[in-house]
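J.: Just one file: run.cif, with mmCIF, C-alpha atoms.
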```cif
data_my_file
loop_
_atom_site.label_atom_id
_atom_site.label_comp_id
_atom_site.auth_asym_id
_atom_site.auth_seq_id
_atom_site.Cartn_x
_atom_site.Cartn_y
_atom_site.Cartn_z
CA MET A 1 0.55 -79.73 14.31
CA SER A 2 -2.95 -78.36 14.74
CA LYS A 3 -3.81 -75.45 12.43
CA PHE A 4 -4.60 -73.40 15.57
CA ASP A 5 -1.30 -73.99 17.40
CA SER A 6 -0.02 -70.47 16.69
CA ILE A 7 -2.92 -68.82 18.54
CA ARG A 8 -4.50 -71.36 20.92
CA PRO A 9 -4.08 -71.57 24.72
CA PHE A 10 -2.56 -74.64 26.36
CA TYR A 11 -4.37 -77.94 26.32
CA ASP A 12 -4.92 -79.40 29.78
CA ALA A 13 -2.22 -81.99 29.01
CA GLU A 14 0.30 -79.12 28.65
CA ILE A 15 -0.61 -77.21 31.82
CA ASN A 16 1.56 -79.03 34.32
CA ALA A 17 4.71 -78.66 32.21
CA ALA A 18 4.01 -74.91 31.87
CA ILE A 19 3.61 -74.67 35.65
CA GLN A 20 6.87 -76.50 36.27
CA ASP A 21 8.57 -73.99 33.94
CA THR A 22 7.15 -70.92 35.69
CA VAL A 23 6.68 -71.93 39.34
CA ASN A 24 10.01 -70.31 40.33
CA HIS A 25 9.62 -67.23 38.15
CA PRO A 26 9.78 -63.94 40.14
CA MET A 27 6.46 -62.80 38.64
CA MET A 28 4.73 -66.02 39.68
CA LYS A 29 6.09 -65.46 43.19
CA ALA A 30 4.78 -61.87 43.16
CA LEU A 31 1.35 -63.04 41.97
CA MET A 32 1.07 -65.81 44.57
CA ASN A 33 2.42 -63.68 47.43
CA PHE A 34 -0.19 -61.05 46.54
CA THR A 35 -2.96 -63.66 46.37
CA PHE A 36 -1.99 -65.71 49.43
CA PRO A 37 0.01 -63.33 51.67
CA GLU A 38 -0.22 -65.64 54.71
CA VAL A 39 0.93 -68.76 52.86
CA GLU A 40 4.55 -69.95 52.73
CA ASP A 41 6.06 -70.15 49.24
CA ALA A 42 6.68 -73.88 49.59
CA VAL A 43 2.95 -74.49 50.18
CA TRP A 44 1.59 -72.70 47.11
CA LYS A 45 4.42 -74.11 44.98
CA GLU A 46 3.45 -77.63 46.03
CA GLN A 47 -0.20 -76.97 45.21
CA LEU A 48 0.69 -75.46 41.84
CA ARG A 49 2.82 -78.46 40.93
CA LYS A 50 -0.23 -80.70 41.50
CA THR A 51 -2.29 -78.70 38.97
CA HIS A 52 -3.13 -80.48 35.71
CA SER A 53 -5.95 -78.47 34.10
CA ILE A 54 -6.77 -74.89 33.15
CA ARG A 55 -9.95 -75.05 35.23
CA ASP A 56 -8.02 -76.06 38.36
CA PHE A 57 -5.47 -73.29 37.78
CA GLN A 58 -8.20 -70.70 37.28
CA CYS A 59 -10.45 -71.83 40.14
CA ASN A 60 -7.76 -72.56 42.75
CA PHE A 61 -5.41 -69.68 42.00
CA ILE A 62 -6.51 -66.97 39.54
CA TYR A 63 -10.05 -66.72 40.98
CA HIS A 64 -8.51 -65.93 44.38
CA SER A 65 -6.10 -63.43 42.79
CA LEU A 66 -9.11 -61.66 41.32
CA LYS A 67 -10.94 -61.62 44.65
CA LYS A 68 -7.85 -60.01 46.20
CA VAL A 69 -7.74 -57.40 43.41
CA LEU A 70 -11.40 -56.54 44.07
CA GLU A 71 -10.76 -56.35 47.81
CA LYS A 72 -7.78 -54.00 47.42
CA SER A 73 -8.80 -51.83 44.47
CA SER A 74 -12.60 -51.63 44.43
CA GLU A 75 -15.71 -51.22 46.57
CA GLY A 76 -17.22 -54.36 45.11
CA LEU A 77 -18.62 -55.99 41.99
CA THR A 78 -22.33 -56.24 41.23
CA THR A 79 -23.96 -58.14 38.38
CA SER A 80 -27.22 -58.55 36.50
CA GLY A 81 -28.57 -60.78 33.75
CA PHE A 82 -26.62 -63.96 34.51
CA GLU A 83 -29.82 -65.76 35.52
CA THR A 84 -30.92 -65.70 31.85
CA LEU A 85 -27.99 -67.91 30.78
CA GLU A 86 -28.20 -71.71 30.70
CA LYS A 87 -25.72 -74.06 32.35
CA ASN A 88 -23.53 -76.30 30.16
CA THR A 89 -24.13 -73.94 27.24
CA SER A 90 -21.52 -72.01 25.27
CA TYR A 91 -22.00 -68.38 24.22
CA LEU A 92 -20.14 -65.68 22.34
CA PHE A 93 -19.83 -62.77 24.77
CA ILE A 94 -19.22 -59.50 22.91
CA SER A 95 -18.36 -56.81 25.40
CA ASN A 96 -17.39 -53.19 25.65
CA HIS A 97 -13.70 -52.94 26.49
CA ARG A 98 -12.33 -50.73 29.26
CA ASP A 99 -9.59 -52.75 30.96
CA ILE A 100 -6.99 -55.01 29.33
CA ILE A 101 -7.22 -57.93 31.76
CA LEU A 102 -10.10 -57.28 34.15
CA ASP A 103 -12.99 -57.13 31.65
CA THR A 104 -12.67 -60.79 30.76
CA SER A 105 -11.33 -61.93 34.15
CA LEU A 106 -14.29 -60.45 36.04
CA LEU A 107 -16.76 -61.93 33.56
CA ASN A 108 -15.19 -65.35 34.05
CA ALA A 109 -15.37 -65.02 37.84
CA CYS A 110 -19.10 -64.23 37.51
CA LEU A 111 -19.63 -67.19 35.17
CA PHE A 112 -17.85 -69.43 37.67
CA ASP A 113 -19.94 -68.08 40.58
CA ASN A 114 -23.10 -68.83 38.58
CA GLY A 115 -22.05 -72.35 37.56
CA LEU A 116 -21.80 -71.39 33.88
CA VAL A 117 -19.29 -72.27 31.15
CA MET A 118 -16.23 -70.01 31.44
CA THR A 119 -14.67 -68.42 28.38
CA ALA A 120 -11.68 -68.69 26.16
CA SER A 121 -10.73 -65.04 25.69
CA ALA A 122 -9.13 -63.04 22.92
CA ILE A 123 -5.96 -61.09 23.77
CA GLY A 124 -3.74 -59.00 21.51
CA ASP A 125 -0.31 -60.55 20.97
CA ASN A 126 1.21 -57.10 21.70
CA LEU A 127 0.23 -57.63 25.37
CA VAL A 128 2.10 -60.90 25.80
CA LYS A 129 5.53 -60.08 24.38
CA LYS A 130 7.17 -61.10 27.65
CA ALA A 131 7.62 -64.88 27.85
CA PHE A 132 6.05 -65.16 31.31
CA MET A 133 2.99 -63.12 30.27
CA ASN A 134 2.55 -65.30 27.18
CA THR A 135 2.67 -68.47 29.29
CA LEU A 136 0.31 -67.04 31.93
CA ALA A 137 -2.16 -65.98 29.22
CA LYS A 138 -2.15 -69.48 27.69
CA MET A 139 -2.65 -70.99 31.17
CA ASN A 140 -5.74 -68.76 31.52
CA ARG A 141 -7.29 -69.94 28.26
CA ASN A 142 -6.42 -66.80 26.28
CA PHE A 143 -6.03 -67.11 22.52
CA LEU A 144 -3.99 -64.65 20.48
CA VAL A 145 -5.20 -61.93 18.15
CA GLN A 146 -2.24 -61.04 15.95
CA ARG A 147 -1.56 -57.31 15.56
CA GLY A 148 0.44 -55.19 13.13
CA LEU A 149 -0.08 -57.39 10.07
CA SER A 150 -0.06 -56.56 6.37
CA PRO A 151 -3.50 -56.62 4.65
CA ARG A 152 -2.78 -60.08 3.21
CA GLU A 153 -1.59 -61.45 6.57
CA LEU A 154 -4.55 -59.84 8.33
CA LEU A 155 -7.00 -61.65 6.05
CA GLN A 156 -5.36 -65.03 6.75
CA SER A 157 -5.13 -64.30 10.48
CA SER A 158 -8.78 -63.20 10.67
CA LYS A 159 -9.95 -66.39 8.94
CA LEU A 160 -7.90 -68.55 11.32
CA LEU A 161 -9.28 -66.64 14.32
CA ALA A 162 -12.87 -66.95 13.09
CA GLU A 163 -12.50 -70.69 12.50
CA TYR A 164 -10.99 -71.16 15.95
CA ILE A 165 -13.84 -69.27 17.63
CA ALA A 166 -16.37 -71.40 15.74
CA GLN A 167 -14.49 -74.54 16.79
CA LEU A 168 -14.55 -73.51 20.46
CA ILE A 169 -18.25 -72.62 20.60
CA LEU A 170 -19.78 -75.20 18.26
CA ARG A 171 -17.53 -78.23 18.74
CA GLU A 172 -15.90 -77.86 22.16
CA ASN A 173 -18.87 -76.22 23.94
CA ARG A 174 -16.51 -73.50 25.18
CA SER A 175 -17.79 -69.93 25.57
CA VAL A 176 -15.73 -67.15 24.03
CA TRP A 177 -15.13 -63.53 25.09
CA ILE A 178 -14.19 -60.92 22.52
CA ALA A 179 -14.15 -57.13 22.71
CA GLN A 180 -16.51 -55.17 20.47
CA ARG A 181 -13.50 -53.37 18.96
CA GLU A 182 -9.73 -53.61 18.73
CA GLY A 183 -8.18 -51.97 21.79
CA ARG A 184 -9.88 -50.37 24.76
CA THR A 185 -12.36 -47.52 24.47
CA LYS A 186 -10.37 -44.39 25.31
CA ASP A 187 -13.10 -41.73 25.08
CA GLY A 188 -16.04 -43.45 26.78
CA ASN A 189 -17.86 -44.05 23.48
CA ASP A 190 -18.48 -47.80 23.37
CA ALA A 191 -19.13 -48.85 19.78
CA THR A 192 -18.94 -52.20 18.00
CA HIS A 193 -16.50 -52.19 15.10
CA PRO A 194 -18.05 -53.89 12.05
CA GLY A 195 -14.61 -55.37 11.30
CA VAL A 196 -14.92 -57.58 14.40
CA LEU A 197 -18.23 -58.97 13.13
CA LYS A 198 -16.82 -59.44 9.60
CA MET A 199 -13.98 -61.45 11.12
CA LEU A 200 -16.45 -63.64 13.04
CA ALA A 201 -18.47 -64.15 9.84
CA MET A 202 -15.44 -65.81 8.22
CA GLY A 203 -16.10 -68.82 10.44
CA SER A 204 -19.59 -69.30 9.05
CA ASP A 205 -20.67 -72.48 7.34
CA GLU A 206 -24.22 -71.19 6.86
CA GLU A 207 -25.72 -69.82 3.66
CA ASN A 208 -27.45 -67.09 5.67
CA LEU A 209 -25.05 -65.07 7.82
CA MET A 210 -27.66 -64.30 10.49
CA ASP A 211 -28.33 -68.04 10.90
CA TYR A 212 -24.66 -68.46 11.80
CA PHE A 213 -24.78 -65.62 14.31
CA LYS A 214 -27.84 -67.26 15.87
CA LYS A 215 -25.96 -70.55 16.08
CA ILE A 216 -23.02 -69.07 18.02
CA LYS A 217 -25.39 -67.36 20.48
CA ILE A 218 -24.22 -63.75 20.78
CA VAL A 219 -24.59 -62.21 24.24
CA PRO A 220 -23.77 -58.48 24.53
CA VAL A 221 -22.00 -57.53 27.79
CA SER A 222 -21.79 -54.13 29.50
CA ILE A 223 -18.90 -53.56 31.92
CA SER A 224 -18.85 -50.36 33.92
CA TYR A 225 -16.20 -49.02 36.33
CA GLU A 226 -17.00 -46.06 38.60
CA TYR A 227 -13.41 -44.86 38.27
CA ASP A 228 -11.16 -45.83 35.37
CA PRO A 229 -7.75 -46.43 36.95
CA THR A 230 -6.11 -45.79 33.58
CA ASP A 231 -8.02 -42.59 32.77
CA ALA A 232 -4.99 -40.29 32.89
CA LEU A 233 -2.90 -42.80 30.92
CA LYS A 234 -5.36 -42.53 28.02
CA ILE A 235 -4.99 -38.75 27.69
CA PRO A 236 -1.74 -38.62 25.62
CA GLN A 237 -3.31 -40.77 22.88
CA LEU A 238 -6.50 -38.68 22.91
CA LEU A 239 -4.45 -35.46 22.63
CA ALA A 240 -2.43 -36.88 19.74
CA GLU A 241 -5.64 -37.83 17.92
CA ALA A 242 -7.11 -34.36 18.58
CA ASN A 243 -4.01 -32.88 16.90
CA ASN A 244 -4.16 -35.39 14.00
CA GLU A 245 -0.84 -36.87 15.11
CA VAL A 246 0.18 -40.52 15.03
CA TYR A 247 0.42 -41.80 18.61
CA VAL A 248 3.49 -43.91 19.31
CA LYS A 249 3.44 -45.99 22.50
CA GLU A 250 6.34 -45.87 24.94
CA LYS A 251 8.30 -49.05 25.53
CA ASN A 252 6.48 -51.21 28.14
CA GLU A 253 3.43 -48.87 27.99
CA ASP A 254 1.00 -51.76 27.48
CA PHE A 255 2.45 -53.62 30.45
CA MET A 256 2.30 -50.56 32.74
CA THR A 257 -1.29 -49.89 31.66
CA LEU A 258 -2.15 -53.51 32.37
CA LEU A 259 -0.74 -53.25 35.93
CA SER A 260 -2.42 -49.87 36.54
CA GLY A 261 -5.77 -51.31 35.42
CA ILE A 262 -5.46 -54.22 37.81
CA MET A 263 -4.21 -52.39 40.91
CA GLY A 264 -5.62 -48.86 40.44
CA GLN A 265 -8.71 -47.75 42.37
CA LYS A 266 -11.97 -48.51 40.55
CA LYS A 267 -14.54 -47.98 43.32
CA ARG A 268 -17.70 -49.82 42.20
CA ILE A 269 -17.93 -52.17 39.21
CA HIS A 270 -21.00 -53.57 37.46
CA ILE A 271 -21.32 -56.27 34.80
CA HIS A 272 -24.56 -56.84 32.92
CA VAL A 273 -25.05 -59.69 30.46
CA GLY A 274 -27.77 -59.01 27.92
CA LYS A 275 -30.22 -61.44 26.38
CA ILE A 276 -29.04 -63.73 23.58
CA LEU A 277 -29.62 -62.05 20.22
CA ASP A 278 -32.24 -64.12 18.42
CA THR A 279 -35.39 -62.47 17.05
CA GLU A 280 -33.27 -59.38 16.38
CA LEU A 281 -31.20 -61.44 13.92
CA ASP A 282 -34.36 -62.68 12.18
CA ALA A 283 -35.47 -59.06 11.75
CA ILE A 284 -32.06 -58.08 10.30
CA ALA A 285 -32.13 -61.01 7.85
CA THR A 286 -35.66 -60.02 6.74
CA GLU A 287 -34.85 -56.33 6.31
CA PHE A 288 -31.45 -56.57 4.59
CA GLU A 289 -30.18 -58.92 1.89
CA ASN A 290 -26.75 -57.27 1.60
CA SER A 291 -24.28 -58.82 4.07
CA ASN A 292 -22.51 -55.50 4.75
CA LYS A 293 -25.82 -53.89 5.71
CA GLN A 294 -26.60 -56.91 7.90
CA ILE A 295 -23.25 -56.47 9.66
CA GLN A 296 -23.92 -52.74 10.20
CA ALA A 297 -27.39 -53.51 11.61
CA LEU A 298 -25.96 -56.18 13.91
CA ALA A 299 -23.29 -53.78 15.20
CA GLN A 300 -26.06 -51.26 16.01
CA THR A 301 -28.10 -53.96 17.76
CA ILE A 302 -25.14 -54.96 19.94
CA ASP A 303 -24.41 -51.29 20.70
CA GLU A 304 -28.00 -50.67 21.72
CA SER A 305 -27.91 -53.60 24.15
CA ILE A 306 -24.56 -52.56 25.66
CA LEU A 307 -25.42 -48.85 25.97
CA LYS A 308 -28.93 -49.41 27.37
CA SER A 309 -27.57 -51.75 30.05
CA TYR A 310 -24.48 -49.68 30.92
CA LYS A 311 -24.46 -48.79 34.62
CA LEU A 312 -23.97 -45.05 35.13
CA TRP A 313 -22.16 -43.92 38.29
CA PRO A 314 -22.02 -40.53 40.07
CA THR A 315 -18.66 -39.93 38.31
CA ASN A 316 -20.41 -40.06 34.91
CA TYR A 317 -23.09 -37.55 35.92
CA ILE A 318 -20.57 -35.24 37.61
CA ALA A 319 -18.34 -35.16 34.53
CA TYR A 320 -21.34 -34.49 32.29
CA ASP A 321 -22.50 -31.58 34.46
CA ILE A 322 -19.01 -30.03 34.71
CA LEU A 323 -18.42 -30.41 30.97
CA ASN A 324 -21.80 -28.89 30.08
CA LYS A 325 -21.78 -26.27 32.88
CA THR A 326 -25.09 -27.52 34.25
CA ASN A 327 -26.61 -28.98 37.42
CA GLU A 328 -28.97 -31.20 35.43
CA HIS A 329 -27.92 -34.37 37.26
CA ALA A 330 -27.03 -32.88 40.66
CA HIS A 331 -29.72 -35.00 42.33
CA LEU A 332 -27.77 -38.13 41.31
CA TYR A 333 -24.58 -37.37 43.24
CA SER A 334 -23.56 -35.82 46.55
CA GLU A 335 -21.43 -32.73 47.09
CA ASN A 336 -18.74 -34.94 48.58
CA GLU A 337 -18.70 -37.19 45.48
CA LYS A 338 -18.28 -34.10 43.32
CA LEU A 339 -15.42 -32.80 45.47
CA LEU A 340 -13.66 -36.17 45.25
CA PHE A 341 -13.99 -36.19 41.47
CA GLU A 342 -12.69 -32.62 41.19
CA ARG A 343 -9.76 -33.61 43.41
CA ARG A 344 -9.03 -36.47 41.01
CA LEU A 345 -9.01 -33.99 38.13
CA GLU A 346 -6.47 -31.81 39.94
CA MET A 347 -4.19 -34.73 40.76
CA ARG A 348 -4.23 -36.60 37.44
CA ILE A 349 -4.26 -34.02 34.65
CA ASP A 350 -3.20 -30.48 33.76
CA ASN A 351 -6.38 -28.54 34.50
CA SER A 352 -5.01 -25.44 32.77
CA ASN A 353 -4.98 -27.28 29.43
CA PRO A 354 -8.57 -27.00 28.12
CA ILE A 355 -8.18 -29.83 25.57
CA GLU A 356 -6.77 -32.17 28.23
CA LEU A 357 -9.57 -31.25 30.65
CA GLN A 358 -12.25 -31.71 28.00
CA ASN A 359 -10.89 -35.13 26.98
CA PHE A 360 -10.74 -36.32 30.59
CA LEU A 361 -14.28 -35.15 31.36
CA ALA A 362 -15.67 -36.55 28.08
CA MET A 363 -14.25 -39.99 28.95
CA TYR A 364 -16.67 -40.10 31.91
CA ALA A 365 -19.48 -37.99 30.40
CA ASN A 366 -19.93 -39.78 27.05
CA PRO A 367 -21.68 -42.82 28.58
CA VAL A 368 -24.35 -40.40 29.86
CA VAL A 369 -24.69 -38.82 26.40
CA ASN A 370 -24.98 -42.26 24.82
CA LYS A 371 -27.56 -43.48 27.31
CA MET A 372 -29.65 -40.31 26.81
CA LYS A 373 -30.30 -41.56 23.27
CA PHE A 374 -32.43 -44.26 24.90
CA SER A 375 -34.69 -41.99 26.94
CA ASP A 376 -36.98 -44.90 27.86
CA VAL A 377 -34.22 -46.43 30.03
CA PHE A 378 -32.60 -43.23 31.31
#
```
Please lay out the structure from this file as structure tokens.

T.:
Amino acid sequence: MSKFDSIRPFYDAEINAAIQDTVNHPMMKALMNFTFPEVEDAVWKEQLRKTHSIRDFQCNFIYHSLKKVLEKSSEGLTTSGFETLEKNTSYLFISNHRDIILDTSLLNACLFDNGLVMTASAIGDNLVKKAFMNTLAKMNRNFLVQRGLSPRELLQSSKLLAEYIAQLILRENRSVWIAQREGRTKDGNDATHPGVLKMLAMGSDEENLMDYFKKIKIVPVSISYEYDPTDALKIPQLLAEANNEVYVKEKNEDFMTLLSGIMGQKKRIHIHVGKILDTELDAIATEFENSNKQIQALAQTIDESILKSYKLWPTNYIAYDILNKTNEHAHLYSENEKLLFERRLEMRIDNSNPIELQNFLAMYANPVVNKMKFSDVF
């Protein structure tokens, strides 16, 4: 057994057997009927059964599923920065995290469109409790991040994860996607958790930590949705936190959020990949000797890249102006766009609850607040 068997995706040699096991599953039928509505079941089943690699599964099936999702639930995806990446080169993409599945899936579609190395992607094991979802994740080159562990187990799990990420990037020339924090951003404040960077550092074989981070080629990624299809679903957790209460998820909540994120209306989407962090790491190494301070400085550097490059939409400016009772950004949105946003407020939350209203508006307004810190790019 490989030391990574408990968390790794399928090897290509295992893909066909996994397909044979799931080809008749009702959820596979639903996925394929959604993706290829004009195609008879027997046809896509035959094509699936001929699939023997993750790349073929992703390119011939999942890529088309994603295109269908964009067609039905968005007004299109735009990108920037991909021209700075080199072909046949692996990177560590550290991204803000808004949607469970789409963040990494859309990035991979863009990498594929640009002829670049696609990623192995981290996914919480809480999201793949159902056997079919676990198999589908492994067929899509997802590796597991184990949740709900004791401190001792967490340390062992983090080391295993870090070593696997290093193995993928440095030995297998496979890019990796990981979110900047555990779980999605609920309040619109995208911030890199130092714990994620400390975990990555456990895979280092370098004396100088910044040398290791240079070696794995960190690329910050900003993903921005004009409308968050799960905005209202995030409110109960935000309210619980506002009241200093422990939030307990409903049964199947993660799965329902996952589906809502995929199929809910997003309007426009933008993905920006930043420049590889290089000279910035030299500066951190020169300024700080203490590894904890280096980690803090690196987190701030990643945040700066993500926030500066974050694409602001009319919804962000509208929410900021409503929340702050101002018309400061009125020139950046139309009256009709404002009416549509206000209609969304009426339909999705209890407007009479000031805390609920404030949390909903802040979710969209905080990216504006964060970008205002960088007045040179605003």

J.: How would you write, as a PyMOL selection string, the residues chosen by the PyMOL selection byres ((chain A and resi 132-143) around 10) on this structure?

T.: chain A and resi 4-12+14-16+18-19+21-22+25-28+53-55+57-58+62+101+104-105+118-131+144-146+161+164-165+176-177+255

J.: Hey, which bits of segment 249-314 of chain A sit within 12 Å of segment 74-79 of chain A, and for each residue what's the closest pair of atoms and how far apart in Å (one decimal), counting all atoms listed in the file, rows by chain and increasing number, as JSON lines?

T.:
```
{"residue": "A:Gly261", "atom": "CA", "partner": "A:Ser74", "partner_atom": "CA", "distance": 11.3}
{"residue": "A:Ile262", "atom": "CA", "partner": "A:Ser74", "partner_atom": "CA", "distance": 10.1}
{"residue": "A:Met263", "atom": "CA", "partner": "A:Ser74", "partner_atom": "CA", "distance": 9.1}
{"residue": "A:Gly264", "atom": "CA", "partner": "A:Ser74", "partner_atom": "CA", "distance": 8.5}
{"residue": "A:Gln265", "atom": "CA", "partner": "A:Ser74", "partner_atom": "CA", "distance": 5.9}
{"residue": "A:Lys266", "atom": "CA", "partner": "A:Ser74", "partner_atom": "CA", "distance": 5.0}
{"residue": "A:Lys267", "atom": "CA", "partner": "A:Ser74", "partner_atom": "CA", "distance": 4.3}
{"residue": "A:Arg268", "atom": "CA", "partner": "A:Glu75", "partner_atom": "CA", "distance": 5.0}
{"residue": "A:Ile269", "atom": "CA", "partner": "A:Leu77", "partner_atom": "CA", "distance": 4.8}
{"residue": "A:His270", "atom": "CA", "partner": "A:Thr78", "partner_atom": "CA", "distance": 4.8}
{"residue": "A:Ile271", "atom": "CA", "partner": "A:Thr79", "partner_atom": "CA", "distance": 4.8}
{"residue": "A:His272", "atom": "CA", "partner": "A:Thr79", "partner_atom": "CA", "distance": 5.6}
{"residue": "A:Val273", "atom": "CA", "partner": "A:Thr79", "partner_atom": "CA", "distance": 8.1}
{"residue": "A:Gly274", "atom": "CA", "partner": "A:Thr79", "partner_atom": "CA", "distance": 11.2}
{"residue": "A:Ser309", "atom": "CA", "partner": "A:Thr79", "partner_atom": "CA", "distance": 11.1}
{"residue": "A:Tyr310", "atom": "CA", "partner": "A:Thr79", "partner_atom": "CA", "distance": 11.3}
{"residue": "A:Lys311", "atom": "CA", "partner": "A:Thr79", "partner_atom": "CA", "distance": 10.1}
```

J.: The selected residues should be written to file as a PDB file, in the coordinates of the input (atoms: C-alpha atoms).

T.:
```pdb
ATOM      1  CA  GLY A 261      -5.770 -51.310  35.420  1.00  0.00           C
ATOM      2  CA  ILE A 262      -5.460 -54.220  37.810  1.00  0.00           C
ATOM      3  CA  MET A 263      -4.210 -52.390  40.910  1.00  0.00           C
ATOM      4  CA  GLY A 264      -5.620 -48.860  40.440  1.00  0.00           C
ATOM      5  CA  GLN A 265      -8.710 -47.750  42.370  1.00  0.00           C
ATOM      6  CA  LYS A 266     -11.970 -48.510  40.550  1.00  0.00           C
ATOM      7  CA  LYS A 267     -14.540 -47.980  43.320  1.00  0.00           C
ATOM      8  CA  ARG A 268     -17.700 -49.820  42.200  1.00  0.00           C
ATOM      9  CA  ILE A 269     -17.930 -52.170  39.210  1.00  0.00           C
ATOM     10  CA  HIS A 270     -21.000 -53.570  37.460  1.00  0.00           C
ATOM     11  CA  ILE A 271     -21.320 -56.270  34.800  1.00  0.00           C
ATOM     12  CA  HIS A 272     -24.560 -56.840  32.920  1.00  0.00           C
ATOM     13  CA  VAL A 273     -25.050 -59.690  30.460  1.00  0.00           C
ATOM     14  CA  GLY A 274     -27.770 -59.010  27.920  1.00  0.00           C
ATOM     15  CA  SER A 309     -27.570 -51.750  30.050  1.00  0.00           C
ATOM     16  CA  TYR A 310     -24.480 -49.680  30.920  1.00  0.00           C
ATOM     17  CA  LYS A 311     -24.460 -48.790  34.620  1.00  0.00           C
TER      18      LYS A 311
END
```

J.: Identify which of the residues A:Glu46, A:Asp56, A:Asp99, A:Asp41 lies closest to Leu258 of chain A, counting all atoms listed in the file when measuring atom-to-atom distances.

T.: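 For Leu258 of chain A, the nearest of the candidates is A:Asp99.
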
J.: Have a look at atom CA of Asn244 of chain A and atom CA of Met363 of chain A and let me know their distance in Å, one decimal.

T.: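 One can read the atom CA of Asn244 of chain A to atom CA of Met363 of chain A distance as 18.6 Å.
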
J.: Looking at only C-alpha atoms, which of A:Ser90, A:Ser352, A:Ser334, A:Asn290 is the one that sits closest to Asn173 of chain A?

T.: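 The closest residue to Asn173 of chain A is A:Ser90.
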
J.: Which distance in Å separates atom CA of Leu307 of chain A and atom CA of Asn189 of chain A, to one decimal?

T.: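 Answer for the atom CA of Leu307 of chain A to atom CA of Asn189 of chain A separation: 9.3 Å.
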
J.: What's the separation between atom CA of Pro354 of chain A and atom CA of Leu239 of chain A, in Å to one decimal place?

T.: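 Interatomic distance here is 10.9 Å.
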
J.: Give me the residues within 10 Å of Glu182 of chain A as a list of chain:residue names, counting only C-alpha atoms and dropping any in the same chain fewer than 2 places off.

T.: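 Non-adjacent residues within range: A:His97, A:Ile123, A:Gly124, A:Val145, A:Arg147, A:Ile178, A:Ala179, A:Gln180, A:Arg184, A:Thr185, A:Thr192, A:His193, A:Gly195, A:Val196.
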
J.: Which of these, A:Ala319, A:Ile94, A:Leu111, A:Ile223, has the shortest distance to Leu340 of chain A once you count all atoms listed in the file?

T.: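 The shortest atom-to-atom distance to Leu340 of chain A comes from A:Ala319.
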
J.: Using all atoms listed in the file, give me every residue within 12 Å of (-4.4, -33.4, 35.8) in file coordinates, as a list in words.

T.: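 So the residues meeting the distance criterion are Asp231, Ala232, Leu233, Ile235, Pro236, Phe341, Glu342, Arg343, Arg344, Leu345, Glu346, Met347, Arg348, Ile349, Asp350, Asn351, Ser352, Asn353, Pro354, Ile355, Glu356, Leu357, Gln358, Asn359, Phe360 and Leu361 of chain A.
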
J.: Taking the file above as input, evaluate the PyMOL selection byres ((chain A and resi 203-210) around 9) and report the hits as a short mmCIF file (atom, residue, chain, number, x, y, z; two decimals) with C-alpha atoms, in the frame of the given file.

T.:
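Once everything was written out, this is selection-v1.cif:
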```
data_model
loop_
_atom_site.label_atom_id
_atom_site.label_comp_id
_atom_site.auth_asym_id
_atom_site.auth_seq_id
_atom_site.Cartn_x
_atom_site.Cartn_y
_atom_site.Cartn_z
CA LYS A 159 -9.95 -66.39 8.94
CA LEU A 160 -7.90 -68.55 11.32
CA LEU A 161 -9.28 -66.64 14.32
CA ALA A 162 -12.87 -66.95 13.09
CA GLU A 163 -12.50 -70.69 12.50
CA TYR A 164 -10.99 -71.16 15.95
CA ILE A 165 -13.84 -69.27 17.63
CA ALA A 166 -16.37 -71.40 15.74
CA GLN A 167 -14.49 -74.54 16.79
CA MET A 199 -13.98 -61.45 11.12
CA LEU A 200 -16.45 -63.64 13.04
CA ALA A 201 -18.47 -64.15 9.84
CA MET A 202 -15.44 -65.81 8.22
CA ASP A 211 -28.33 -68.04 10.90
CA TYR A 212 -24.66 -68.46 11.80
CA PHE A 213 -24.78 -65.62 14.31
CA LYS A 214 -27.84 -67.26 15.87
CA LYS A 215 -25.96 -70.55 16.08
CA LEU A 281 -31.20 -61.44 13.92
CA ASP A 282 -34.36 -62.68 12.18
CA ILE A 284 -32.06 -58.08 10.30
CA ALA A 285 -32.13 -61.01 7.85
CA SER A 291 -24.28 -58.82 4.07
CA GLN A 294 -26.60 -56.91 7.90
CA ILE A 295 -23.25 -56.47 9.66
CA LEU A 298 -25.96 -56.18 13.91
#
```

J.: Apply the PyMOL selection byres ((chain A and resi 89) around 10) to the file shown and report the selected residues as number ranges by chain.

T.: A: 85-88, 90-91, 116-118, 169, 173-175, 217
